[in-house]
>>> print(open('query29.pdb').read())   # PDB, C-alpha atoms and all ligand atoms
ATOM      1  CA  ALA I   1     -33.592  63.900 158.026  1.00  0.00           C
ATOM      2  CA  ALA I   2     -34.519  62.767 161.516  1.00  0.00           C
ATOM      3  CA  GLY I   3     -35.090  65.670 163.842  1.00  0.00           C
ATOM      4  CA  ALA I   4     -34.609  68.304 161.181  1.00  0.00           C
ATOM      5  CA  MET I   5     -37.772  70.331 161.404  1.00  0.00           C
ATOM      6  CA  GLU I   6     -37.897  73.327 159.141  1.00  0.00           C
ATOM      7  CA  GLU I   7     -38.878  76.626 160.705  1.00  0.00           C
ATOM      8  CA  PRO I   8     -41.760  78.341 158.931  1.00  0.00           C
ATOM      9  CA  GLU I   9     -41.365  81.844 157.548  1.00  0.00           C
ATOM     10  CA  ARG I  10     -41.382  84.554 160.165  1.00  0.00           C
ATOM     11  CA  PRO I  11     -44.578  86.619 160.309  1.00  0.00           C
ATOM     12  CA  GLU I  12     -43.973  90.027 158.757  1.00  0.00           C
ATOM     13  CA  THR I  13     -46.372  92.159 160.774  1.00  0.00           C
ATOM     14  CA  LEU I  14     -47.366  92.422 164.426  1.00  0.00           C
ATOM     15  CA  GLU I  15     -50.926  91.625 163.372  1.00  0.00           C
ATOM     16  CA  ALA I  16     -49.697  88.371 161.862  1.00  0.00           C
ATOM     17  CA  VAL I  17     -47.845  87.495 165.086  1.00  0.00           C
ATOM     18  CA  ALA I  18     -50.971  88.294 167.125  1.00  0.00           C
ATOM     19  CA  LYS I  19     -53.043  86.029 164.918  1.00  0.00           C
ATOM     20  CA  ALA I  20     -50.524  83.191 164.888  1.00  0.00           C
ATOM     21  CA  ILE I  21     -50.017  83.016 168.662  1.00  0.00           C
ATOM     22  CA  GLU I  22     -53.770  82.485 169.107  1.00  0.00           C
ATOM     23  CA  THR I  23     -53.446  78.991 167.713  1.00  0.00           C
ATOM     24  CA  CYS I  24     -49.861  78.267 168.742  1.00  0.00           C
ATOM     25  CA  ALA I  25     -49.360  74.733 170.021  1.00  0.00           C
ATOM     26  CA  ARG I  26     -45.565  74.713 170.116  1.00  0.00           C
ATOM     27  CA  CYS I  27     -45.563  74.008 173.858  1.00  0.00           C
ATOM     28  CA  LEU I  28     -47.973  72.586 176.407  1.00  0.00           C
ATOM     29  CA  ILE I  29     -48.684  75.838 178.282  1.00  0.00           C
ATOM     30  CA  ALA I  30     -51.382  76.620 175.718  1.00  0.00           C
ATOM     31  CA  GLU I  31     -53.226  73.497 176.871  1.00  0.00           C
ATOM     32  CA  LEU I  32     -54.135  75.359 180.068  1.00  0.00           C
ATOM     33  CA  HIS I  33     -56.579  77.280 177.826  1.00  0.00           C
ATOM     34  CA  THR I  34     -55.426  80.708 178.831  1.00  0.00           C
ATOM     35  CA  ASN I  35     -55.327  83.596 176.377  1.00  0.00           C
ATOM     36  CA  ALA I  36     -52.348  84.339 174.200  1.00  0.00           C
ATOM     37  CA  VAL I  37     -51.212  87.834 175.218  1.00  0.00           C
ATOM     38  CA  MET I  38     -49.624  89.842 172.431  1.00  0.00           C
ATOM     39  CA  GLY I  39     -47.107  92.613 172.960  1.00  0.00           C
ATOM     40  CA  GLU I  40     -48.269  96.175 172.503  1.00  0.00           C
ATOM     41  CA  GLY I  41     -46.850  99.516 171.514  1.00  0.00           C
ATOM     42  CA  PRO I  42     -45.752 101.375 168.384  1.00  0.00           C
ATOM     43  CA  GLN I  43     -44.364  99.222 165.570  1.00  0.00           C
ATOM     44  CA  ASP I  44     -41.410 101.632 165.299  1.00  0.00           C
ATOM     45  CA  ALA I  45     -40.717 101.855 169.051  1.00  0.00           C
ATOM     46  CA  PRO I  46     -37.072 102.656 169.864  1.00  0.00           C
ATOM     47  CA  LEU I  47     -37.319 100.568 173.034  1.00  0.00           C
ATOM     48  CA  MET I  48     -38.676  97.058 173.466  1.00  0.00           C
ATOM     49  CA  ILE I  49     -39.335  95.929 177.028  1.00  0.00           C
ATOM     50  CA  VAL I  50     -39.543  92.187 177.580  1.00  0.00           C
ATOM     51  CA  GLY I  51     -41.103  90.509 180.620  1.00  0.00           C
ATOM     52  CA  GLU I  52     -41.548  86.855 181.450  1.00  0.00           C
ATOM     53  CA  GLN I  53     -45.131  85.842 180.753  1.00  0.00           C
ATOM     54  CA  PRO I  54     -48.630  87.209 181.321  1.00  0.00           C
ATOM     55  CA  GLY I  55     -49.910  86.885 184.878  1.00  0.00           C
ATOM     56  CA  ASP I  56     -53.441  86.269 186.080  1.00  0.00           C
ATOM     57  CA  ASN I  57     -54.591  89.837 185.311  1.00  0.00           C
ATOM     58  CA  GLU I  58     -52.849  89.955 181.949  1.00  0.00           C
ATOM     59  CA  ASP I  59     -54.480  86.684 180.954  1.00  0.00           C
ATOM     60  CA  MET I  60     -57.948  87.960 181.840  1.00  0.00           C
ATOM     61  CA  GLN I  61     -57.485  91.372 180.212  1.00  0.00           C
ATOM     62  CA  ARG I  62     -55.381  90.048 177.329  1.00  0.00           C
ATOM     63  CA  ARG I  63     -52.892  92.861 177.766  1.00  0.00           C
ATOM     64  CA  ALA I  64     -49.277  92.798 178.902  1.00  0.00           C
ATOM     65  CA  PHE I  65     -48.259  94.346 182.224  1.00  0.00           C
ATOM     66  CA  VAL I  66     -51.637  95.496 183.526  1.00  0.00           C
ATOM     67  CA  GLY I  67     -51.421  93.799 186.963  1.00  0.00           C
ATOM     68  CA  PRO I  68     -49.333  94.619 190.061  1.00  0.00           C
ATOM     69  CA  ALA I  69     -45.965  94.110 188.325  1.00  0.00           C
ATOM     70  CA  GLY I  70     -47.103  96.361 185.491  1.00  0.00           C
ATOM     71  CA  GLN I  71     -48.199  99.042 187.917  1.00  0.00           C
ATOM     72  CA  LEU I  72     -44.843  98.958 189.673  1.00  0.00           C
ATOM     73  CA  LEU I  73     -43.142  99.105 186.290  1.00  0.00           C
ATOM     74  CA  ASN I  74     -45.178 102.210 185.398  1.00  0.00           C
ATOM     75  CA  VAL I  75     -43.960 104.002 188.525  1.00  0.00           C
ATOM     76  CA  HIS I  76     -40.310 103.298 187.741  1.00  0.00           C
ATOM     77  CA  LEU I  77     -40.552 104.044 184.024  1.00  0.00           C
ATOM     78  CA  GLU I  78     -42.036 107.401 184.873  1.00  0.00           C
ATOM     79  CA  LYS I  79     -39.305 108.059 187.419  1.00  0.00           C
ATOM     80  CA  ALA I  80     -36.689 107.319 184.739  1.00  0.00           C
ATOM     81  CA  GLY I  81     -38.486 109.541 182.224  1.00  0.00           C
ATOM     82  CA  ILE I  82     -39.330 106.659 179.913  1.00  0.00           C
ATOM     83  CA  ASP I  83     -42.705 106.993 178.185  1.00  0.00           C
ATOM     84  CA  ARG I  84     -44.396 103.590 178.415  1.00  0.00           C
ATOM     85  CA  GLY I  85     -46.645 104.447 175.501  1.00  0.00           C
ATOM     86  CA  ALA I  86     -43.637 104.989 173.245  1.00  0.00           C
ATOM     87  CA  ALA I  87     -42.152 101.578 174.098  1.00  0.00           C
ATOM     88  CA  TYR I  88     -43.112  98.165 172.761  1.00  0.00           C
ATOM     89  CA  LEU I  89     -43.952  95.933 175.732  1.00  0.00           C
ATOM     90  CA  THR I  90     -44.040  92.202 175.388  1.00  0.00           C
ATOM     91  CA  ASN I  91     -43.245  88.919 177.090  1.00  0.00           C
ATOM     92  CA  ALA I  92     -40.831  86.043 176.557  1.00  0.00           C
ATOM     93  CA  VAL I  93     -43.710  83.580 176.859  1.00  0.00           C
ATOM     94  CA  LYS I  94     -47.150  84.391 175.489  1.00  0.00           C
ATOM     95  CA  HIS I  95     -49.385  82.313 177.768  1.00  0.00           C
ATOM     96  CA  PHE I  96     -49.879  82.324 181.544  1.00  0.00           C
ATOM     97  CA  LYS I  97     -48.428  79.184 183.116  1.00  0.00           C
ATOM     98  CA  TYR I  98     -50.068  78.403 186.438  1.00  0.00           C
ATOM     99  CA  VAL I  99     -51.245  75.747 188.850  1.00  0.00           C
ATOM    100  CA  GLN I 100     -54.736  75.916 190.295  1.00  0.00           C
ATOM    101  CA  ARG I 101     -54.866  76.196 194.122  1.00  0.00           C
ATOM    102  CA  GLY I 102     -58.504  76.410 195.168  1.00  0.00           C
ATOM    103  CA  LYS I 103     -59.848  79.523 193.481  1.00  0.00           C
ATOM    104  CA  ARG I 104     -56.388  80.937 192.848  1.00  0.00           C
ATOM    105  CA  ARG I 105     -54.143  80.457 189.875  1.00  0.00           C
ATOM    106  CA  LEU I 106     -50.550  80.448 191.039  1.00  0.00           C
ATOM    107  CA  HIS I 107     -47.804  81.588 188.682  1.00  0.00           C
ATOM    108  CA  GLN I 108     -45.334  78.932 187.579  1.00  0.00           C
ATOM    109  CA  ASN I 109     -41.982  79.782 186.034  1.00  0.00           C
ATOM    110  CA  PRO I 110     -41.740  78.769 182.405  1.00  0.00           C
ATOM    111  CA  SER I 111     -39.088  76.110 181.792  1.00  0.00           C
ATOM    112  CA  ALA I 112     -35.971  76.869 179.743  1.00  0.00           C
ATOM    113  CA  LYS I 113     -37.422  74.686 177.011  1.00  0.00           C
ATOM    114  CA  GLU I 114     -40.704  76.601 177.010  1.00  0.00           C
ATOM    115  CA  ILE I 115     -38.837  79.919 176.812  1.00  0.00           C
ATOM    116  CA  ASP I 116     -36.719  78.606 173.943  1.00  0.00           C
ATOM    117  CA  THR I 117     -39.808  77.395 172.127  1.00  0.00           C
ATOM    118  CA  CYS I 118     -41.723  80.654 172.555  1.00  0.00           C
ATOM    119  CA  ARG I 119     -38.619  82.631 171.599  1.00  0.00           C
ATOM    120  CA  TRP I 120     -39.735  82.306 168.003  1.00  0.00           C
ATOM    121  CA  TRP I 121     -42.498  84.832 168.695  1.00  0.00           C
ATOM    122  CA  VAL I 122     -40.589  87.431 170.663  1.00  0.00           C
ATOM    123  CA  GLU I 123     -37.774  87.268 168.097  1.00  0.00           C
ATOM    124  CA  SER I 124     -40.362  87.765 165.357  1.00  0.00           C
ATOM    125  CA  GLU I 125     -41.671  90.823 167.200  1.00  0.00           C
ATOM    126  CA  ARG I 126     -38.136  92.154 167.557  1.00  0.00           C
ATOM    127  CA  ALA I 127     -37.444  91.620 163.860  1.00  0.00           C
ATOM    128  CA  ILE I 128     -40.533  93.701 163.006  1.00  0.00           C
ATOM    129  CA  VAL I 129     -40.135  96.494 165.570  1.00  0.00           C
ATOM    130  CA  LYS I 130     -36.337  96.680 165.212  1.00  0.00           C
ATOM    131  CA  PRO I 131     -35.847  98.558 168.484  1.00  0.00           C
ATOM    132  CA  LYS I 132     -32.583 100.358 169.118  1.00  0.00           C
ATOM    133  CA  LEU I 133     -32.664  99.117 172.706  1.00  0.00           C
ATOM    134  CA  VAL I 134     -34.118  96.066 174.368  1.00  0.00           C
ATOM    135  CA  LEU I 135     -34.706  95.902 178.111  1.00  0.00           C
ATOM    136  CA  ALA I 136     -35.035  92.331 179.329  1.00  0.00           C
ATOM    137  CA  MET I 137     -36.550  92.144 182.784  1.00  0.00           C
ATOM    138  CA  GLY I 138     -35.707  88.960 184.661  1.00  0.00           C
ATOM    139  CA  ALA I 139     -33.990  85.712 183.787  1.00  0.00           C
ATOM    140  CA  SER I 140     -36.688  84.426 181.438  1.00  0.00           C
ATOM    141  CA  ALA I 141     -36.581  87.554 179.288  1.00  0.00           C
ATOM    142  CA  ALA I 142     -32.783  87.526 179.277  1.00  0.00           C
ATOM    143  CA  ARG I 143     -32.793  83.904 178.152  1.00  0.00           C
ATOM    144  CA  ALA I 144     -35.312  84.690 175.432  1.00  0.00           C
ATOM    145  CA  MET I 145     -33.051  87.419 174.077  1.00  0.00           C
ATOM    146  CA  LEU I 146     -29.750  85.561 174.367  1.00  0.00           C
ATOM    147  CA  GLY I 147     -30.767  81.934 173.917  1.00  0.00           C
ATOM    148  CA  LYS I 148     -28.929  80.945 177.043  1.00  0.00           C
ATOM    149  CA  THR I 149     -29.242  81.461 180.769  1.00  0.00           C
ATOM    150  CA  VAL I 150     -27.414  84.466 182.189  1.00  0.00           C
ATOM    151  CA  SER I 151     -27.101  85.793 185.715  1.00  0.00           C
ATOM    152  CA  ILE I 152     -28.982  89.084 186.119  1.00  0.00           C
ATOM    153  CA  THR I 153     -26.365  90.248 188.631  1.00  0.00           C
ATOM    154  CA  LYS I 154     -23.562  89.715 186.113  1.00  0.00           C
ATOM    155  CA  ALA I 155     -25.406  90.827 182.992  1.00  0.00           C
ATOM    156  CA  ARG I 156     -26.907  94.077 184.263  1.00  0.00           C
ATOM    157  CA  GLY I 157     -25.286  97.505 184.175  1.00  0.00           C
ATOM    158  CA  ALA I 158     -23.747  97.400 180.698  1.00  0.00           C
ATOM    159  CA  PRO I 159     -25.141  97.002 177.193  1.00  0.00           C
ATOM    160  CA  ILE I 160     -24.911  93.592 175.507  1.00  0.00           C
ATOM    161  CA  PRO I 161     -24.633  93.908 171.725  1.00  0.00           C
ATOM    162  CA  LEU I 162     -27.218  91.979 169.707  1.00  0.00           C
ATOM    163  CA  GLU I 163     -26.551  90.627 166.217  1.00  0.00           C
ATOM    164  CA  ASP I 164     -28.611  93.305 164.449  1.00  0.00           C
ATOM    165  CA  GLY I 165     -26.635  96.177 165.968  1.00  0.00           C
ATOM    166  CA  SER I 166     -29.156  96.935 168.693  1.00  0.00           C
ATOM    167  CA  GLU I 167     -28.272  96.645 172.349  1.00  0.00           C
ATOM    168  CA  LEU I 168     -29.698  94.609 175.152  1.00  0.00           C
ATOM    169  CA  TRP I 169     -29.912  95.754 178.744  1.00  0.00           C
ATOM    170  CA  VAL I 170     -30.751  93.244 181.423  1.00  0.00           C
ATOM    171  CA  THR I 171     -32.422  94.049 184.707  1.00  0.00           C
ATOM    172  CA  ALA I 172     -34.489  92.382 187.424  1.00  0.00           C
ATOM    173  CA  HIS I 173     -38.185  91.658 186.971  1.00  0.00           C
ATOM    174  CA  PRO I 174     -40.578  94.013 188.815  1.00  0.00           C
ATOM    175  CA  SER I 175     -42.333  90.951 190.321  1.00  0.00           C
ATOM    176  CA  TYR I 176     -39.050  90.154 192.023  1.00  0.00           C
ATOM    177  CA  LEU I 177     -39.087  93.596 193.665  1.00  0.00           C
ATOM    178  CA  LEU I 178     -42.667  92.976 194.793  1.00  0.00           C
ATOM    179  CA  ARG I 179     -41.596  89.822 196.626  1.00  0.00           C
ATOM    180  CA  LEU I 180     -38.826  91.572 198.594  1.00  0.00           C
ATOM    181  CA  GLU I 181     -39.129  93.540 201.805  1.00  0.00           C
ATOM    182  CA  GLY I 182     -37.061  96.024 203.800  1.00  0.00           C
ATOM    183  CA  MET I 183     -33.440  96.642 202.900  1.00  0.00           C
ATOM    184  CA  GLY I 184     -33.421  94.017 200.166  1.00  0.00           C
ATOM    185  CA  ARG I 185     -36.319  95.741 198.467  1.00  0.00           C
ATOM    186  CA  GLU I 186     -34.641  99.135 198.790  1.00  0.00           C
ATOM    187  CA  GLU I 187     -31.369  97.877 197.379  1.00  0.00           C
ATOM    188  CA  GLN I 188     -32.991  96.073 194.449  1.00  0.00           C
ATOM    189  CA  THR I 189     -35.211  99.063 193.743  1.00  0.00           C
ATOM    190  CA  ARG I 190     -32.139 101.276 193.578  1.00  0.00           C
ATOM    191  CA  LEU I 191     -30.483  98.900 191.104  1.00  0.00           C
ATOM    192  CA  PHE I 192     -33.666  98.706 189.028  1.00  0.00           C
ATOM    193  CA  ASP I 193     -33.901 102.503 188.886  1.00  0.00           C
ATOM    194  CA  ALA I 194     -30.225 102.729 187.905  1.00  0.00           C
ATOM    195  CA  ASP I 195     -30.781 100.271 185.029  1.00  0.00           C
ATOM    196  CA  LEU I 196     -33.814 102.213 183.816  1.00  0.00           C
ATOM    197  CA  ALA I 197     -31.897 105.490 184.048  1.00  0.00           C
ATOM    198  CA  ALA I 198     -29.082 103.992 181.954  1.00  0.00           C
ATOM    199  CA  VAL I 199     -31.573 102.871 179.317  1.00  0.00           C
ATOM    200  CA  ALA I 200     -33.240 106.309 179.334  1.00  0.00           C
ATOM    201  CA  ALA I 201     -29.836 107.944 178.778  1.00  0.00           C
ATOM    202  CA  ARG I 202     -29.154 105.670 175.760  1.00  0.00           C
ATOM    203  CA  LEU I 203     -32.521 106.576 174.257  1.00  0.00           C
ATOM    204  CA  ARG I 204     -31.689 110.258 174.173  1.00  0.00           C
TER     205      ARG I 204
HETATM  206  N1  LIG F   1     -45.198  89.883 184.430  1.00  0.00           N
HETATM  207  C1  LIG F   1     -44.664  89.760 183.200  1.00  0.00           C
HETATM  208  O1  LIG F   1     -43.546  89.323 183.019  1.00  0.00           O
HETATM  209  N2  LIG F   1     -45.386  90.133 182.171  1.00  0.00           N
HETATM  210  C2  LIG F   1     -46.602  90.628 182.280  1.00  0.00           C
HETATM  211  O2  LIG F   1     -47.194  90.943 181.261  1.00  0.00           O
HETATM  212  C3  LIG F   1     -47.133  90.756 183.581  1.00  0.00           C
HETATM  213  C4  LIG F   1     -46.415  90.369 184.627  1.00  0.00           C
END
>>> encode(input="query29.pdb", output="structure tokens")
Amino acid sequence: AAGAMEEPERPETLEAVAKAIETCARCLIAELHTNAVMGEGPQDAPLMIVGEQPGDNEDMQRRAFVGPAGQLLNVHLEKAGIDRGAAYLTNAVKHFKYVQRGKRRLHQNPSAKEIDTCRWWVESERAIVKPKLVLAMGASAARAMLGKTVSITKARGAPIPLEDGSELWVTAHPSYLLRLEGMGREEQTRLFDADLAAVAARLR
């Protein structure tokens, strides 16, 4: 029937996801010829942390959360007593979307459609890892987990049940904290720490 495109079978292992995203052409971001960046962490991680998309550093190193946002995340995970190495870290979108400005590649937000398209992969990862808790950082990650746009302000602070019995926690993206200054930064940092502390308490 017109428009009825059948979804392929979900990959059954993280290795299969990693292989498949290399040649993914579901959206046009891949045409920028950046690297597909796979999630990383234990396959049986109790916590899955979802970001937006790889940045410039992540694209070059082919690893999630290794740039400035990742370093800030490390500081706050440690403060909350969450072991990054025990979590599965991934992104809503697997390729870096950018515009070239001279020598610099400037981050571009993925569109809702691009997030919804790439959702196939992060949902495949979640189906394999089966985390007890998911922490979605930022609006793109929240949309990837829920399939619709939610306000971070409204969604944060309480668990959102997911269909498989796990729970989703929504918080701000560390890159957002990096863009703030002064009191705004302090306030948002406090909220971010509170969200991470709540997640840490649920993991125990
Ligand atoms: N920001 C993200 O959302 N993900 C990364 O991997 C790096 C920065």
>>> closest_atom_pairs(input="query29.pdb", of="chain I", to="ligand LIG 1 (chain F)", cutoff="9 Å", atoms="only C-alpha atoms and all ligand atoms", output="JSON lines")
{"residue": "I:Val37", "atom": "CA", "partner": "F:LIG1", "partner_atom": "O2", "distance": 7.9}
{"residue": "I:Gly39", "atom": "CA", "partner": "F:LIG1", "partner_atom": "O2", "distance": 8.5}
{"residue": "I:Val50", "atom": "CA", "partner": "F:LIG1", "partner_atom": "O1", "distance": 7.3}
{"residue": "I:Gly51", "atom": "CA", "partner": "F:LIG1", "partner_atom": "O1", "distance": 3.6}
{"residue": "I:Glu52", "atom": "CA", "partner": "F:LIG1", "partner_atom": "O1", "distance": 3.5}
{"residue": "I:Gln53", "atom": "CA", "partner": "F:LIG1", "partner_atom": "O1", "distance": 4.4}
{"residue": "I:Pro54", "atom": "CA", "partner": "F:LIG1", "partner_atom": "O2", "distance": 4.0}
{"residue": "I:Gly55", "atom": "CA", "partner": "F:LIG1", "partner_atom": "C3", "distance": 4.9}
{"residue": "I:Asp56", "atom": "CA", "partner": "F:LIG1", "partner_atom": "C3", "distance": 8.1}
{"residue": "I:Asn57", "atom": "CA", "partner": "F:LIG1", "partner_atom": "C3", "distance": 7.7}
{"residue": "I:Glu58", "atom": "CA", "partner": "F:LIG1", "partner_atom": "O2", "distance": 5.8}
{"residue": "I:Asp59", "atom": "CA", "partner": "F:LIG1", "partner_atom": "O2", "distance": 8.4}
{"residue": "I:Arg63", "atom": "CA", "partner": "F:LIG1", "partner_atom": "O2", "distance": 7.0}
{"residue": "I:Ala64", "atom": "CA", "partner": "F:LIG1", "partner_atom": "O2", "distance": 3.7}
{"residue": "I:Phe65", "atom": "CA", "partner": "F:LIG1", "partner_atom": "O2", "distance": 3.7}
{"residue": "I:Val66", "atom": "CA", "partner": "F:LIG1", "partner_atom": "C3", "distance": 6.5}
{"residue": "I:Gly67", "atom": "CA", "partner": "F:LIG1", "partner_atom": "C3", "distance": 6.3}
{"residue": "I:Pro68", "atom": "CA", "partner": "F:LIG1", "partner_atom": "C4", "distance": 7.5}
{"residue": "I:Ala69", "atom": "CA", "partner": "F:LIG1", "partner_atom": "C4", "distance": 5.3}
{"residue": "I:Gly70", "atom": "CA", "partner": "F:LIG1", "partner_atom": "C3", "distance": 5.9}
{"residue": "I:Leu89", "atom": "CA", "partner": "F:LIG1", "partner_atom": "O2", "distance": 8.1}
{"residue": "I:Thr90", "atom": "CA", "partner": "F:LIG1", "partner_atom": "O2", "distance": 6.8}
{"residue": "I:Asn91", "atom": "CA", "partner": "F:LIG1", "partner_atom": "N2", "distance": 5.6}
{"residue": "I:Ala92", "atom": "CA", "partner": "F:LIG1", "partner_atom": "O1", "distance": 7.7}
{"residue": "I:Val93", "atom": "CA", "partner": "F:LIG1", "partner_atom": "O1", "distance": 8.4}
{"residue": "I:Lys94", "atom": "CA", "partner": "F:LIG1", "partner_atom": "O2", "distance": 8.7}
{"residue": "I:Phe96", "atom": "CA", "partner": "F:LIG1", "partner_atom": "C2", "distance": 9.0}
{"residue": "I:Met137", "atom": "CA", "partner": "F:LIG1", "partner_atom": "O1", "distance": 7.5}
{"residue": "I:Gly138", "atom": "CA", "partner": "F:LIG1", "partner_atom": "O1", "distance": 8.0}
{"residue": "I:Ser140", "atom": "CA", "partner": "F:LIG1", "partner_atom": "O1", "distance": 8.6}
{"residue": "I:Ala141", "atom": "CA", "partner": "F:LIG1", "partner_atom": "O1", "distance": 8.1}
{"residue": "I:His173", "atom": "CA", "partner": "F:LIG1", "partner_atom": "O1", "distance": 7.1}
{"residue": "I:Pro174", "atom": "CA", "partner": "F:LIG1", "partner_atom": "N1", "distance": 7.6}
{"residue": "I:Ser175", "atom": "CA", "partner": "F:LIG1", "partner_atom": "N1", "distance": 6.6}
>>> residues_around(input="query29.pdb", residues="I:Asp83", least_positions_apart="6", cutoff="10 Å", atoms="only C-alpha atoms", output="list in words")
Leu47, Asn74, Leu77 and Ala200 of chain I
>>> resolve_selection(input="query29.pdb", expression="the PyMOL selection byres (((chain I and resi 98) around 10) and not hetatm)", output="ChimeraX atom specification")
/I:29,32,34,55-56,95-97,99-101,104-110
>>> closest_residue(input="query29.pdb", among="I:Arg179, I:Arg202, I:Arg62, I:Arg185", to="I:Val134", atoms="only C-alpha atoms")
I:Arg202
>>> atom_distance(input="query29.pdb", atom1="atom CA of I:Ile115", atom2="atom CA of I:Ala144")
6.1 Å
>>> atom_distance(input="query29.pdb", atom1="atom CA of I:Cys27", atom2="atom CA of I:Pro8")
16.0 Å
>>> closest_residue(input="query29.pdb", among="I:Gly81, I:Pro131, I:Gly41, I:Gly157", to="I:Phe192", atoms="only C-alpha atoms")
I:Gly157
>>> closest_residue(input="query29.pdb", among="I:Val129, I:Ile49, I:Leu203, I:Met60", to="I:Leu73", atoms="all atoms listed in the file")
I:Ile49
>>> residues_around(input="query29.pdb", residues="I:Ile21", least_positions_apart="3", cutoff="8 Å", atoms="only C-alpha atoms", output="MDAnalysis selection string")
chainID I and resid 17:18 24 36 38 94 121
>>> atom_distance(input="query29.pdb", atom1="atom CA of I:Ala136", atom2="atom CA of I:Val170")
4.9 Å
>>> closest_residue(input="query29.pdb", among="I:Pro11, I:Val150, I:Pro42, I:Thr117", to="I:Arg26", atoms="all atoms listed in the file")
I:Thr117
>>> closest_residue(input="query29.pdb", among="I:Lys130, I:Glu31, I:Thr13, I:Thr23", to="I:Ala45", atoms="all atoms listed in the file")
I:Lys130
>>> resolve_selection(input="query29.pdb", expression="the PyMOL selection byres (((chain I and resi 133) around 7) and not hetatm)", output="list in words")
Pro46, Leu47, Met48, Pro131, Lys132, Val134, Leu135, Ser166, Glu167 and Leu168 of chain I
>>> closest_residue(input="query29.pdb", among="I:Thr189, I:Ala172, I:Glu40, I:His76", to="I:Val122", atoms="only C-alpha atoms")
I:Glu40
